[in-house]
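Engineer: The structure's right below; bear with me while I get my questions together.
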Amino acid sequence: NDEMVDREELEAMYSSHGVKQRHIADWLERFDVNKDGKITFKEFCSVLSLNEDQLRNEKKVRIEEQSIDKTDEFPAGVVILSTTMIKSRQLDITTQFKTLMDAVPAQNADVGHVGT
């Protein structure tokens with residue numbers, strides 16, 4: 001991944017997704033800051049005021065998420081109500097929490113019913 005796209009790559013992408021080619025010139029006009037016929041990741045982020053490092057990290061996390069064994073499941077008794085956290089982080093946290101709660105002596109077992 002060279003973190004850039006040129007007109008030819010844009011044309012191929014637009015064609016494969018059935019998008020009208022006339023928009024390519026608009027993209028190049030808006031995002032090709034130095035007018036070299038390529039849109040770099042840096043130019044794209046700059047125009048949209050995005051943090052390059054943060055986006056690279058998010059991409060890395062998404063790739064990691066895709067490589068997670070789909071057989072990984074949450075510990076018994078754990079239900080995720082709502083989150084924007086990726087599944088790998090959810091699994092890590094819930095497994096750690098469940099391990100800690102399982103270590104609580106039986107007389108304090110009601111602590112495990114957080115939020116109920």
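Following the order of the structure tokens, chains are lettered A, B, ..., residues in each are numbered from 1, and ligands are numbered from 1.
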Would you pick out the contacts of region 19-27 of chain A at 12 Å or less, using only C-alpha atoms, so that residues sharing its chain but fewer than 3 positions from it are not included, and give the list as an NGL selection string?

Structural biologist: :A and (5-16 or 30-33 or 35 or 37-40 or 43-44 or 47)

Engineer: Can you list, as a list in words, every residue of region 44-91 of chain A that DSSP puts in helix (DSSP H, G or I)?

Structural biologist: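 So, restricting region 44-91 of chain A to helix (DSSP H, G or I), we get Phe44, Cys45, Ser46, Val47, Leu48, Glu52, Asp53, Gln54, Leu55, Arg56, Asn57, Glu58, Lys59, Lys60, Val61, Arg62, Ile63, Glu64, Glu65, Gln66, Lys87, Ser88, Arg89, Gln90 and Leu91 of chain A.
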
Engineer: Leaving out Ile80 (chain A) and any residue of its chain fewer than 5 positions from it, which residues lie within 10 Å of it when counting only C-alpha atoms, given as a ChimeraX atom specification?

Structural biologist: /A:74,90,94

Engineer: Convert the current residue selection to file output with N, CA, C and O atoms, as a CSV table (one decimal), in the first residue's frame.

Structural biologist:
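Writing done, so here's selection38.csv:
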chain,number,residue,atom,x,y,z
A,74,PHE,N,-18.0,-14.7,23.8
A,74,PHE,CA,-17.9,-14.1,25.1
A,74,PHE,C,-18.1,-15.2,26.2
A,74,PHE,O,-18.8,-16.2,25.9
A,90,GLN,N,-13.6,-6.1,23.2
A,90,GLN,CA,-14.7,-6.5,24.0
A,90,GLN,C,-14.4,-7.9,24.6
A,90,GLN,O,-14.6,-8.1,25.8
A,94,THR,N,-14.1,-8.4,28.6
A,94,THR,CA,-15.1,-9.2,29.3
A,94,THR,C,-14.5,-10.5,29.9
A,94,THR,O,-14.9,-10.9,31.0

Engineer: Please provide the set of residues having any atom within 9 Å of region 75-78 of chain A, restricted to only C-alpha atoms, with same-chain residues fewer than 4 positions apart removed, written as an MDAnalysis selection string.

Structural biologist: chainID A and resid 91 94:95 98

Engineer: Just want the 7 Å neighbourhood of Glu65 (chain A), counted on only C-alpha atoms, with same-chain residues fewer than 4 positions away dropped. Output as a PyMOL selection string.

Structural biologist: chain A and resi 61+86-88
